[in-house]
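Accompanying notes for the structure given below.
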Amino acid sequence: MIEILSHAELDRAREAGALVANILQTLKSRATVGTNLLDINRWAKSMILEAGAVSCYVDYAPSFGRGPFGHYICTGVNDAVLHGLPRNYALAEGDLLTLDLAVLKDGIAADSAISFIVGTSKPSESVAMIDATERALRAGIAAARPGARIGDISYAIGSVLSDAGYPVNTEFGGHGIGSTMHQDPHVPNMGRPGRGYKLRPGLLLALEPWVMADTAQLVTDADGWTLRSVTGCRTAHSEHTIAITDGEAEILTLPTLTP
């Protein structure tokens, strides 16, 4: 299913996007050395419910997971890049943490992810990997204009990641979003320009470049959810929900809170 949102629905999407971004910003500020992943999940739950929103994750039970997910946020540490199931783990100095959050607010979903390093140490390879995903995300957003095609976005994202020296996995990527979290069209992180669905104003997309330092292969953790790099290398993931407009794409998941 591909949805094209009305102006009223886009206003609600902006509210959902700001909520997701603000929660992630708050969680980032709280995620210090010693913070437990289960506390991050608890804080996310509290903020979602206080806002009158609904988690897209708690009851999520796709074919690739051992569902339902049962938690309010995905927390990936170091080699865990996607669908990180929160667990009893205290963050350590230099950990690379990915937080991925999706909520439904007034019937419209928004989805975003951030990666950052915990503590004061900044391993150069991890900084470079996070930067690559953020640059790829900006490139994908810049390519998301009316009349362009999904392949144009995928090509823009994949070119940045490949040029930075990272293998690219196309099994999991971006997606349409609207009244539900995951919709068509699929937006792989590598593709051919001029191919795929033609973008129209009112379409919402969640773009999510992610990489693993030295492999494109994933392995599923024993928890049935968390996807890790098969080599144990570090990983990074950046994501925004955007709206296709008559001109430049609008980023819906930008925080409105003062840092």
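Residue numbering restarts at 1 in every chain; chains get A, B, ... in the order shown in the structure tokens, and ligands count up from 1 in that same order.
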Residue neighbourhood stretch 206-209 of chain A, 8 Å, only C-alpha atoms, exclusion window fewer than 6 positions, as a list in words: Ala110, Asp111, Ser112, Ala113, Thr133, Glu134, Ala136, Leu137, Gly140, Ile141, Ile157, Gly173, Gly174, His175, Gly176, Ile177, Val187, Asn189, His237, Ser238, Glu239, His240, Thr241 and Ile242 of chain A
What would the file look like if the residues just selected were written as a tab-separated table (two decimals), in the first residue's frame with N, CA, C and O atoms?
```tsv
chain	number	residue	atom	x	y	z
A	110	ALA	N	5.55	8.32	12.51
A	110	ALA	CA	6.84	8.91	12.16
A	110	ALA	C	7.93	8.00	12.71
A	110	ALA	O	7.75	7.35	13.74
A	111	ASP	N	9.09	8.00	12.05
A	111	ASP	CA	10.14	7.02	12.34
A	111	ASP	C	11.49	7.72	12.17
A	111	ASP	O	11.72	8.41	11.18
A	112	SER	N	12.39	7.55	13.13
A	112	SER	CA	13.71	8.18	13.03
A	112	SER	C	14.72	7.38	13.83
A	112	SER	O	14.36	6.67	14.78
A	113	ALA	N	15.99	7.49	13.46
A	113	ALA	CA	17.07	6.81	14.17
A	113	ALA	C	18.29	7.70	14.22
A	113	ALA	O	18.57	8.46	13.29
A	133	THR	N	26.78	7.80	7.36
A	133	THR	CA	25.33	7.56	7.29
A	133	THR	C	24.56	8.87	7.29
A	133	THR	O	23.53	8.99	6.61
A	134	GLU	N	25.05	9.86	8.02
A	134	GLU	CA	24.36	11.16	8.05
A	134	GLU	C	24.49	11.88	6.71
A	134	GLU	O	23.53	12.49	6.23
A	136	ALA	N	24.93	10.36	3.83
A	136	ALA	CA	24.10	9.60	2.89
A	136	ALA	C	22.63	9.97	3.05
A	136	ALA	O	21.89	10.06	2.06
A	137	LEU	N	22.21	10.17	4.29
A	137	LEU	CA	20.82	10.57	4.54
A	137	LEU	C	20.54	11.93	3.91
A	137	LEU	O	19.50	12.12	3.25
A	140	GLY	N	20.20	11.46	0.18
A	140	GLY	CA	18.91	10.86	-0.18
A	140	GLY	C	17.77	11.86	-0.10
A	140	GLY	O	16.89	11.89	-0.98
A	141	ILE	N	17.79	12.68	0.93
A	141	ILE	CA	16.74	13.70	1.09
A	141	ILE	C	16.81	14.71	-0.06
A	141	ILE	O	15.78	15.11	-0.61
A	157	ILE	N	21.98	7.68	-1.87
A	157	ILE	CA	22.41	7.12	-0.58
A	157	ILE	C	23.58	6.15	-0.78
A	157	ILE	O	24.62	6.24	-0.12
A	173	GLY	N	16.01	-1.46	4.42
A	173	GLY	CA	16.27	-0.08	4.05
A	173	GLY	C	15.11	0.80	4.44
A	173	GLY	O	14.36	0.52	5.37
A	174	GLY	N	14.95	1.88	3.69
A	174	GLY	CA	13.86	2.81	3.96
A	174	GLY	C	12.53	2.28	3.45
A	174	GLY	O	12.46	1.23	2.80
A	175	HIS	N	11.49	3.07	3.70
A	175	HIS	CA	10.14	2.58	3.40
A	175	HIS	C	9.13	3.72	3.41
A	175	HIS	O	9.36	4.78	3.99
A	176	GLY	N	8.00	3.45	2.76
A	176	GLY	CA	6.89	4.36	2.90
A	176	GLY	C	6.34	4.33	4.31
A	176	GLY	O	6.53	3.35	5.04
A	177	ILE	N	5.66	5.39	4.71
A	177	ILE	CA	5.11	5.47	6.05
A	177	ILE	C	3.88	6.38	5.99
A	177	ILE	O	3.78	7.25	5.12
A	187	VAL	N	12.68	1.37	0.02
A	187	VAL	CA	13.73	2.28	-0.44
A	187	VAL	C	15.09	1.67	-0.06
A	187	VAL	O	15.63	1.95	1.02
A	189	ASN	N	19.13	0.95	0.16
A	189	ASN	CA	20.24	1.88	0.30
A	189	ASN	C	21.26	1.79	-0.83
A	189	ASN	O	22.39	2.27	-0.71
A	237	HIS	N	23.62	3.90	12.01
A	237	HIS	CA	22.29	3.97	11.40
A	237	HIS	C	21.73	5.37	11.61
A	237	HIS	O	21.69	5.86	12.74
A	238	SER	N	21.31	6.02	10.53
A	238	SER	CA	20.66	7.34	10.62
A	238	SER	C	19.37	7.30	9.83
A	238	SER	O	19.31	6.71	8.75
A	239	GLU	N	18.33	7.95	10.35
A	239	GLU	CA	17.02	7.88	9.69
A	239	GLU	C	16.20	9.15	9.95
A	239	GLU	O	16.21	9.69	11.06
A	240	HIS	N	15.51	9.61	8.92
A	240	HIS	CA	14.52	10.67	9.03
A	240	HIS	C	13.26	10.26	8.28
A	240	HIS	O	13.32	9.54	7.27
A	241	THR	N	12.13	10.74	8.76
A	241	THR	CA	10.88	10.69	8.00
A	241	THR	C	10.75	12.00	7.25
A	241	THR	O	10.89	13.08	7.84
A	242	ILE	N	10.49	11.92	5.94
A	242	ILE	CA	10.37	13.12	5.12
A	242	ILE	C	9.03	13.11	4.38
A	242	ILE	O	8.42	12.06	4.18
```
Excluding same-chain residues fewer than 4 positions from A:Met47, what lies within 7 Å of it counting only C-alpha atoms, as a PyMOL selection string? chain A and resi 23+43+51
Could you write out that same residue set with C-alpha atoms as an mmCIF file, in the first residue's frame?
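In the end it all went to part-v2.cif:
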```cif
data_model
loop_
_atom_site.group_PDB
_atom_site.id
_atom_site.type_symbol
_atom_site.label_atom_id
_atom_site.label_comp_id
_atom_site.auth_asym_id
_atom_site.auth_seq_id
_atom_site.Cartn_x
_atom_site.Cartn_y
_atom_site.Cartn_z
ATOM 1 C CA ILE A 23 12.135 11.996 22.438
ATOM 2 C CA TRP A 43 11.938 6.543 29.519
ATOM 3 C CA ALA A 51 2.177 12.611 24.670
#
```
If you count only C-alpha atoms, which residues fall within 8 Å of A:Leu161, apart from same-chain ones fewer than 5 positions away, as a PyMOL selection string? chain A and resi 132-133+136+166-168+211
Keeping only C-alpha atoms, write the selected residues as a compact mmCIF listing (two decimals), in the first residue's frame.
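Final file, again32.txt:
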```
# COMPACT_ATOMS: atom_id res chain seq x y z
CA ALA A 132 28.88 8.61 6.44
CA THR A 133 25.33 7.56 7.29
CA ALA A 136 24.10 9.60 2.89
CA TYR A 166 31.38 0.67 3.31
CA PRO A 167 29.65 -2.48 1.99
CA VAL A 168 25.94 -1.87 1.43
CA VAL A 211 26.26 0.40 7.46
```
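Remark: for A:Ile40, the closest of the candidate residues A:Glu3, A:Asp214, A:Asp100, A:Asp131 is A:Asp100 (distances computed over only C-alpha atoms).
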All strand (DSSP E or B) residues (DSSP, backbone) inside stretch 21-209 of chain A, as a PyMOL selection string: chain A and resi 36+54-55+74-77+80-82+90+96-105+108-117+149+174-176+183-187+198+204-207
Gap from atom CA of A:Leu91 to atom CA of A:Gly165 - Å, one decimal: 28.0 Å
Using only C-alpha atoms, the best pick from A:Gly191, A:Gly107, A:Pro255, A:Gly34 as closest to A:Ala92 would be A:Gly34
Go through A:Leu49, A:Val81, A:Val160, A:Ala128 one by one, measure the shortest atom-to-atom distance of each to A:Gly232 using only C-alpha atoms, and give the residue with the smallest value.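 Nearest candidate to A:Gly232 out of A:Leu49, A:Val81, A:Val160, A:Ala128: A:Val81.
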Residue nearest A:His7 among A:Pro86, A:Gly158, A:Gly224, A:Gly202 (counting only C-alpha atoms):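 Checking each candidate against A:His7, we get A:Gly202 as the closest.
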Write out as a tab-separated table a residue-level contact list of stretch 162-204 of chain A versus stretch 60-71 of chain A with cut-off 12 Å: for each qualifying residue the closest pair of atoms and the distance in Å to one decimal, counting only C-alpha atoms, rows sorted by chain and residue number upward.
```
residue	atom	partner	partner_atom	distance
A:Glu171	CA	A:Phe64	CA	11.4
A:Phe172	CA	A:Phe64	CA	10.9
A:Thr180	CA	A:Tyr60	CA	10.9
A:Met181	CA	A:Tyr60	CA	9.7
A:His182	CA	A:Pro62	CA	10.2
```
My list of candidates is A:Ile73, A:Ser159, A:Thr235, A:Gln217. Which is closest to A:Ser126 when distances are computed with only C-alpha atoms?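 Of A:Ile73, A:Ser159, A:Thr235, A:Gln217, the one nearest A:Ser126, counting only C-alpha atoms, is A:Thr235.
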Write out as a VMD selection string each polymer residue whose atoms come within 10 Å of A:Arg30, counting only C-alpha atoms; drop sequence neighbours fewer than 3 positions from it. chain A and resid 24 to 27 33 35 39 to 40 43
Write the residues of the preceding selection, restricted to N, CA, C and O atoms, as a JSON list (two decimals), in the first residue's frame.
```json
[["chain", "number", "residue", "atom", "x", "y", "z"],
["A", 24, "LEU", "N", 13.96, 11.35, 20.98],
["A", 24, "LEU", "CA", 15.32, 10.87, 20.70],
["A", 24, "LEU", "C", 16.37, 11.83, 21.25],
["A", 24, "LEU", "O", 17.39, 11.41, 21.81],
["A", 25, "GLN", "N", 16.12, 13.12, 21.10],
["A", 25, "GLN", "CA", 17.08, 14.10, 21.62],
["A", 25, "GLN", "C", 17.19, 14.00, 23.14],
["A", 25, "GLN", "O", 18.29, 14.06, 23.70],
["A", 26, "THR", "N", 16.04, 13.83, 23.80],
["A", 26, "THR", "CA", 16.04, 13.69, 25.26],
["A", 26, "THR", "C", 16.77, 12.42, 25.69],
["A", 26, "THR", "O", 17.58, 12.43, 26.62],
["A", 27, "LEU", "N", 16.51, 11.32, 25.00],
["A", 27, "LEU", "CA", 17.16, 10.07, 25.34],
["A", 27, "LEU", "C", 18.66, 10.15, 25.11],
["A", 27, "LEU", "O", 19.45, 9.60, 25.90],
["A", 33, "VAL", "N", 27.49, 7.03, 30.36],
["A", 33, "VAL", "CA", 28.15, 5.82, 30.85],
["A", 33, "VAL", "C", 27.42, 5.30, 32.09],
["A", 33, "VAL", "O", 27.15, 6.05, 33.03],
["A", 35, "THR", "N", 24.28, 4.06, 31.97],
["A", 35, "THR", "CA", 22.85, 4.00, 31.68],
["A", 35, "THR", "C", 22.48, 2.61, 31.17],
["A", 35, "THR", "O", 23.15, 2.06, 30.29],
["A", 39, "ASP", "N", 16.45, 1.13, 31.02],
["A", 39, "ASP", "CA", 16.02, 2.45, 31.46],
["A", 39, "ASP", "C", 15.66, 3.32, 30.27],
["A", 39, "ASP", "O", 14.68, 4.08, 30.30],
["A", 40, "ILE", "N", 16.44, 3.22, 29.18],
["A", 40, "ILE", "CA", 16.12, 3.97, 27.97],
["A", 40, "ILE", "C", 14.75, 3.58, 27.45],
["A", 40, "ILE", "O", 13.94, 4.42, 27.06],
["A", 43, "TRP", "N", 12.11, 5.11, 29.77],
["A", 43, "TRP", "CA", 11.94, 6.54, 29.52],
["A", 43, "TRP", "C", 11.16, 6.79, 28.23],
["A", 43, "TRP", "O", 10.30, 7.67, 28.16]]
```
As JSON, numbers by chain, list the residues of stretch 51-183 of chain A assigned to helix (DSSP H, G or I) by DSSP on the backbone atoms of this structure. {"A": [124, 125, 126, 127, 128, 129, 130, 131, 132, 133, 134, 135, 136, 137, 138, 139, 140, 141, 142, 143, 150, 151, 152, 153, 154, 155, 156, 157, 158, 159, 160, 161, 162, 163]}
Store the residues of this selection in a file with C-alpha atoms, as a tab-separated table (two decimals), in the first residue's frame.
```tsv
chain	number	residue	atom	x	y	z
A	124	SER	CA	37.81	8.01	14.78
A	125	GLU	CA	36.51	5.01	12.84
A	126	SER	CA	33.16	5.18	14.64
A	127	VAL	CA	32.89	8.94	14.12
A	128	ALA	CA	33.59	8.47	10.39
A	129	MET	CA	30.98	5.72	10.07
A	130	ILE	CA	28.27	7.78	11.76
A	131	ASP	CA	29.19	10.74	9.57
A	132	ALA	CA	28.88	8.61	6.44
A	133	THR	CA	25.33	7.56	7.29
A	134	GLU	CA	24.36	11.16	8.05
A	135	ARG	CA	25.85	12.40	4.77
A	136	ALA	CA	24.10	9.60	2.89
A	137	LEU	CA	20.82	10.57	4.54
A	138	ARG	CA	21.26	14.19	3.46
A	139	ALA	CA	22.01	13.04	-0.09
A	140	GLY	CA	18.91	10.86	-0.18
A	141	ILE	CA	16.74	13.70	1.09
A	142	ALA	CA	18.18	16.06	-1.53
A	143	ALA	CA	17.22	13.56	-4.26
A	150	ILE	CA	12.88	5.77	-5.68
A	151	GLY	CA	15.98	4.64	-7.54
A	152	ASP	CA	17.28	8.22	-7.52
A	153	ILE	CA	17.13	8.27	-3.71
A	154	SER	CA	18.70	4.83	-3.42
A	155	TYR	CA	21.49	5.78	-5.82
A	156	ALA	CA	22.25	8.97	-3.90
A	157	ILE	CA	22.41	7.12	-0.58
A	158	GLY	CA	24.42	4.19	-1.92
A	159	SER	CA	26.94	6.40	-3.70
A	160	VAL	CA	27.88	8.17	-0.47
A	161	LEU	CA	28.16	4.93	1.49
A	162	SER	CA	30.17	3.15	-1.20
A	163	ASP	CA	32.48	6.11	-1.76
```
Provide the atom CA of A:Ala21 to atom CA of A:Ala102 distance in Å, to one decimal place. 9.7 Å
With only C-alpha atoms as the atoms that count, which of A:Asp184, A:Glu50, A:Asp221, A:Glu250 lies nearest to A:Ile4?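 Closest residue, counting only C-alpha atoms: A:Asp184.
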Go ahead and compute the interatomic distance for atom CA of A:Ile2 and atom CA of A:Gly178, in Å to one decimal.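 Computing the Euclidean distance for atom CA of A:Ile2 and atom CA of A:Gly178 yields 8.6 Å.
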Contact residues around A:Tyr89 with only C-alpha atoms at 8 Å, ignoring same-chain residues under 5 positions, as a PDB file with N, CA, C and O atoms, in the first residue's frame:
```pdb
ATOM      1  N   ASN A  36      21.411   2.043  31.697  1.00  0.00           N
ATOM      2  CA  ASN A  36      20.963   0.727  31.273  1.00  0.00           C
ATOM      3  C   ASN A  36      19.997   0.852  30.086  1.00  0.00           C
ATOM      4  O   ASN A  36      19.154   1.758  30.061  1.00  0.00           O
ATOM      5  N   LEU A  37      20.112  -0.048  29.126  1.00  0.00           N
ATOM      6  CA  LEU A  37      19.217  -0.019  27.963  1.00  0.00           C
ATOM      7  C   LEU A  37      17.760  -0.159  28.376  1.00  0.00           C
ATOM      8  O   LEU A  37      16.864   0.407  27.721  1.00  0.00           O
ATOM      9  N   LEU A  38      17.485  -0.875  29.440  1.00  0.00           N
ATOM     10  CA  LEU A  38      16.104  -1.025  29.900  1.00  0.00           C
ATOM     11  C   LEU A  38      15.568   0.292  30.459  1.00  0.00           C
ATOM     12  O   LEU A  38      14.363   0.559  30.378  1.00  0.00           O
TER      13      LEU A  38
END
```
For A:Arg200, list every protein, DNA or RNA residue within 9 Å, evaluated using only C-alpha atoms, and leave out those in the same chain fewer than 2 positions away; present the list as a VMD selection string. chain A and resid 4 145 to 148 198 202 to 203 244 to 246
